[in-house]
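To start, the structure itself, in C-alpha cells.
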Amino acid sequence: MEDVRFLNQDKLDYMTQYRGITILCIVMVHSLYRFLDSSVWYFDYLYQLLGESTCIFCFISGFLFYHIDYSKYSYCEFVIKKAKRLLLPYFCWTLPFLVLEHIFRFGEIDIKWFLWSLVSGMSLFNGALWYIQLIFTIFLIAPLLKSLFKKNYIGEIITVITLTAALITGRDIPVKFYYGIATIPHLIGFFMFGMLCCRYKDFWVKLNRFWLIPLSIGVFLCAIQGYFHLPAPETTLKALKNITHGVTLNWLTLNKVFISFGLLLLFYKISSKKPQISALNVLAKYSFPIYFCHLLFFIPWIICGWDSKGGFIFFFAGSLYMVIGPLLTCYLLNKVKYVNKVIGL
C-alpha cells in the first residue's frame, strides 16, 4: 500500500480510515479458518463478506498511487523507493521464521525448499506474503498504467477489461514460486479501479450520500453466495485459457467491486464530519507491519498442534488476539532504533 506520508494534496483522512478497516478485514478472514467452526451456519456468509479483502487492498493502493505525484522521481528512484518499502521488510520478517520453520519441519534447512518459500512468499508460518510479490510487480508497471489515463480513455478501457478478468477468474493454487505474479490477472483490475476512482474523484464525491446503495448490493451478493454456495470460477490462467467455452462468475470479487466503492463513499462521508478516528488511524499506520507479521501469531497453534475451534465469540476473541498481538509487537519494535526502518512502516 502507498505511504500516505508522501501525499502532496489533501490529507485523505477517508483513505486512512479505509486502510484501517481493510487490514482488520484481512486479519479476520485469516482468523476465520483458525478459530471459527466451519459447520456453523454463518461461516460461509462471513467468508463471502471478508474473503478476497486483498482486492480492497489493491483498490486502495491504486487510488493512492494515482493521487501521489511521483514526477520528481526517476523510474530507478521510484523502484528503489518501493523496494525499500516492500522488499526490505519482507526479507526481515521472512528469513528468521523460515529458518525456524525448516528446523521445525525438517530438522535442518532444505536449501531448495527454503529458496522456494523465500521467493514465493508461501510458507507454513507466514503464507500471506505472496501479496508482496504481487503488489511489487504491479508497482513496477504502475507508472505505465497511470499514463494510460492520459490517452483518449485507454486507461478507462483497460480498467474495464482487467476488472472483467477479475470477475471471471479465481486465484491459482499456490504451488508455484510465481504464485503472487500469477494472481496479477486476477487482482490488477482492482488496482486500476482504484486509480479510476481517484481520477474521477470530483464526480463520485457528489454521490457520497448514496454510500448505502453499493454497500448494500455488495452485502446482498455475499448473502446470495453464502446461501446458495454458488460455484467458484476456475483458476486465473485456466479460466482465461478456456474463456471461449464459457465463464463462471466470481461472486467474491463481484461483491468486492461494490463493497470497495461503497466503503470509499462511506469513509469520505464520515471523514467530512469526523476526520480523525483514533483506532482506525492506528490500524492504518501499522497496516503493513500487521500484514507482514500477523500470521506469525498462529505459530503456537501450529507447533503445539492445537486445532480447537468454536463459535462467533471464540472467533471474535481470536481475531482480537490476531490484531492486538501484531499491533503491540510492531509498536514496540518501532521504538527500537534502526529496527523501525525495516518492519514496514
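We label chains A, B, ... in the order they appear in the C-alpha cells, count residues from 1 in each chain, and number ligands from 1 in the order shown.
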Exercise: region 52-68 of chain A partners within 9 Å, only C-alpha atoms, chain neighbours under 2 positions left out, as a ChimeraX atom specification: /A:1-4,6-9,15,18-19,22-23,25-26,29,47-50,70,131,135,139,142-143,146,187-199,252-253,256-257,259-260
Who sits within 9 Å of region 289-304 of chain A, only C-alpha atoms, same chain under 6 positions skipped, as number ranges by chain: A: 23, 26-27, 30-31, 34, 89-90, 93-94, 97, 104, 124-129, 283, 321-323, 325-327, 329-330, 343-345
Same residues, N, CA and C atoms, output as a PDB file, in the first residue's frame:
ATOM      1  N   ILE A  23      -7.291  -3.636   6.761  1.00  0.00           N
ATOM      2  CA  ILE A  23      -6.354  -4.565   7.392  1.00  0.00           C
ATOM      3  C   ILE A  23      -7.079  -5.391   8.455  1.00  0.00           C
ATOM      4  N   ILE A  26      -8.745  -8.248   6.609  1.00  0.00           N
ATOM      5  CA  ILE A  26      -7.781  -9.262   6.163  1.00  0.00           C
ATOM      6  C   ILE A  26      -7.367 -10.161   7.321  1.00  0.00           C
ATOM      7  N   VAL A  27      -7.104  -9.564   8.474  1.00  0.00           N
ATOM      8  CA  VAL A  27      -6.740 -10.367   9.645  1.00  0.00           C
ATOM      9  C   VAL A  27      -7.907 -11.263  10.055  1.00  0.00           C
ATOM     10  N   HIS A  30      -8.315 -14.372   7.817  1.00  0.00           N
ATOM     11  CA  HIS A  30      -7.301 -15.382   8.132  1.00  0.00           C
ATOM     12  C   HIS A  30      -7.611 -16.058   9.467  1.00  0.00           C
ATOM     13  N   SER A  31      -8.240 -15.326  10.370  1.00  0.00           N
ATOM     14  CA  SER A  31      -8.622 -15.905  11.664  1.00  0.00           C
ATOM     15  C   SER A  31      -9.821 -16.834  11.524  1.00  0.00           C
ATOM     16  N   ARG A  34      -8.944 -20.486  11.404  1.00  0.00           N
ATOM     17  CA  ARG A  34      -8.244 -20.981  12.585  1.00  0.00           C
ATOM     18  C   ARG A  34      -9.150 -21.063  13.809  1.00  0.00           C
ATOM     19  N   PRO A  89      11.478  -4.964   4.326  1.00  0.00           N
ATOM     20  CA  PRO A  89      10.757  -5.584   5.463  1.00  0.00           C
ATOM     21  C   PRO A  89      10.312  -7.010   5.169  1.00  0.00           C
ATOM     22  N   TYR A  90      10.048  -7.309   3.893  1.00  0.00           N
ATOM     23  CA  TYR A  90       9.673  -8.677   3.530  1.00  0.00           C
ATOM     24  C   TYR A  90      10.761  -9.666   3.955  1.00  0.00           C
ATOM     25  N   TRP A  93      11.144  -9.857   7.850  1.00  0.00           N
ATOM     26  CA  TRP A  93      10.103 -10.626   8.522  1.00  0.00           C
ATOM     27  C   TRP A  93      10.157 -12.102   8.137  1.00  0.00           C
ATOM     28  N   THR A  94      10.686 -12.414   6.949  1.00  0.00           N
ATOM     29  CA  THR A  94      10.610 -13.765   6.423  1.00  0.00           C
ATOM     30  C   THR A  94      11.767 -14.663   6.856  1.00  0.00           C
ATOM     31  N   PHE A  97      11.987 -16.547  10.412  1.00  0.00           N
ATOM     32  CA  PHE A  97      10.917 -17.513  10.641  1.00  0.00           C
ATOM     33  C   PHE A  97      10.966 -18.668   9.642  1.00  0.00           C
ATOM     34  N   PHE A 104      11.766 -26.803  12.457  1.00  0.00           N
ATOM     35  CA  PHE A 104      10.568 -27.434  12.997  1.00  0.00           C
ATOM     36  C   PHE A 104      10.091 -28.582  12.104  1.00  0.00           C
ATOM     37  N   LEU A 124       4.790 -22.235   5.770  1.00  0.00           N
ATOM     38  CA  LEU A 124       3.881 -22.755   6.789  1.00  0.00           C
ATOM     39  C   LEU A 124       3.518 -21.689   7.808  1.00  0.00           C
ATOM     40  N   PHE A 125       4.486 -20.885   8.206  1.00  0.00           N
ATOM     41  CA  PHE A 125       4.270 -19.911   9.272  1.00  0.00           C
ATOM     42  C   PHE A 125       3.736 -18.560   8.779  1.00  0.00           C
ATOM     43  N   ASN A 126       4.000 -18.219   7.513  1.00  0.00           N
ATOM     44  CA  ASN A 126       3.611 -16.875   7.058  1.00  0.00           C
ATOM     45  C   ASN A 126       3.276 -16.902   5.572  1.00  0.00           C
ATOM     46  N   GLY A 127       2.201 -17.611   5.229  1.00  0.00           N
ATOM     47  CA  GLY A 127       1.868 -17.830   3.828  1.00  0.00           C
ATOM     48  C   GLY A 127       1.171 -16.694   3.121  1.00  0.00           C
ATOM     49  N   ALA A 128       0.938 -15.577   3.786  1.00  0.00           N
ATOM     50  CA  ALA A 128       0.221 -14.469   3.150  1.00  0.00           C
ATOM     51  C   ALA A 128       1.133 -13.511   2.397  1.00  0.00           C
ATOM     52  N   LEU A 129       2.446 -13.735   2.459  1.00  0.00           N
ATOM     53  CA  LEU A 129       3.367 -12.752   1.891  1.00  0.00           C
ATOM     54  C   LEU A 129       3.515 -12.865   0.384  1.00  0.00           C
ATOM     55  N   LEU A 283      -4.545   1.587  13.229  1.00  0.00           N
ATOM     56  CA  LEU A 283      -4.523   0.406  12.367  1.00  0.00           C
ATOM     57  C   LEU A 283      -3.960   0.735  10.990  1.00  0.00           C
ATOM     58  N   TYR A 321      -7.006 -11.154  19.296  1.00  0.00           N
ATOM     59  CA  TYR A 321      -5.624 -11.592  19.564  1.00  0.00           C
ATOM     60  C   TYR A 321      -4.752 -11.379  18.334  1.00  0.00           C
ATOM     61  N   MET A 322      -5.299 -11.682  17.142  1.00  0.00           N
ATOM     62  CA  MET A 322      -4.538 -11.575  15.900  1.00  0.00           C
ATOM     63  C   MET A 322      -4.319 -10.136  15.456  1.00  0.00           C
ATOM     64  N   VAL A 323      -5.088  -9.206  16.001  1.00  0.00           N
ATOM     65  CA  VAL A 323      -4.899  -7.782  15.704  1.00  0.00           C
ATOM     66  C   VAL A 323      -4.028  -7.117  16.765  1.00  0.00           C
ATOM     67  N   GLY A 325      -2.059  -8.463  19.130  1.00  0.00           N
ATOM     68  CA  GLY A 325      -0.714  -9.026  19.256  1.00  0.00           C
ATOM     69  C   GLY A 325       0.269  -8.405  18.268  1.00  0.00           C
ATOM     70  N   PRO A 326      -0.010  -8.463  16.963  1.00  0.00           N
ATOM     71  CA  PRO A 326       0.886  -7.829  15.986  1.00  0.00           C
ATOM     72  C   PRO A 326       1.004  -6.321  16.175  1.00  0.00           C
ATOM     73  N   LEU A 327      -0.102  -5.679  16.547  1.00  0.00           N
ATOM     74  CA  LEU A 327      -0.074  -4.230  16.727  1.00  0.00           C
ATOM     75  C   LEU A 327       0.872  -3.832  17.854  1.00  0.00           C
ATOM     76  N   THR A 329       3.311  -5.640  19.088  1.00  0.00           N
ATOM     77  CA  THR A 329       4.665  -6.032  18.691  1.00  0.00           C
ATOM     78  C   THR A 329       5.296  -4.972  17.801  1.00  0.00           C
ATOM     79  N   CYS A 330       4.561  -4.527  16.795  1.00  0.00           N
ATOM     80  CA  CYS A 330       5.089  -3.525  15.862  1.00  0.00           C
ATOM     81  C   CYS A 330       5.266  -2.170  16.544  1.00  0.00           C
ATOM     82  N   ILE A 343      10.551  -2.735   9.452  1.00  0.00           N
ATOM     83  CA  ILE A 343       9.369  -3.524   9.816  1.00  0.00           C
ATOM     84  C   ILE A 343       8.168  -3.214   8.938  1.00  0.00           C
ATOM     85  N   GLY A 344       8.320  -2.277   7.997  1.00  0.00           N
ATOM     86  CA  GLY A 344       7.232  -1.982   7.076  1.00  0.00           C
ATOM     87  C   GLY A 344       6.554  -0.651   7.299  1.00  0.00           C
ATOM     88  N   LEU A 345       7.030   0.151   8.241  1.00  0.00           N
ATOM     89  CA  LEU A 345       6.435   1.476   8.491  1.00  0.00           C
ATOM     90  C   LEU A 345       6.942   2.500   7.477  1.00  0.00           C
TER      91      LEU A 345
END
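You will find CA of Phe261 (chain A) at 14.4 Å from CA of Leu221 (chain A).
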Secondary structure check, helix (DSSP H, G or I) residues of region 241-313 of chain A, as a PyMOL selection string: chain A and resi 241+243-245+251-273+278-285+287-304+312-313
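If you look at CA of Lys269 (chain A) and CA of Ile21 (chain A), they are 15.1 Å away from each other.
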Atomic distance CA of Gly318 (chain A) - CA of Ala223 (chain A), expressed in Å with one decimal: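 For CA of Gly318 (chain A) relative to CA of Ala223 (chain A), the distance reads 23.9 Å.
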Counting only C-alpha atoms, the option among A:Phe78, A:Phe91, A:Phe136, A:Tyr73 closest to Leu118 (chain A):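 Going through A:Phe78, A:Phe91, A:Phe136, A:Tyr73 one by one, the smallest distance to Leu118 (chain A) is for A:Phe91.
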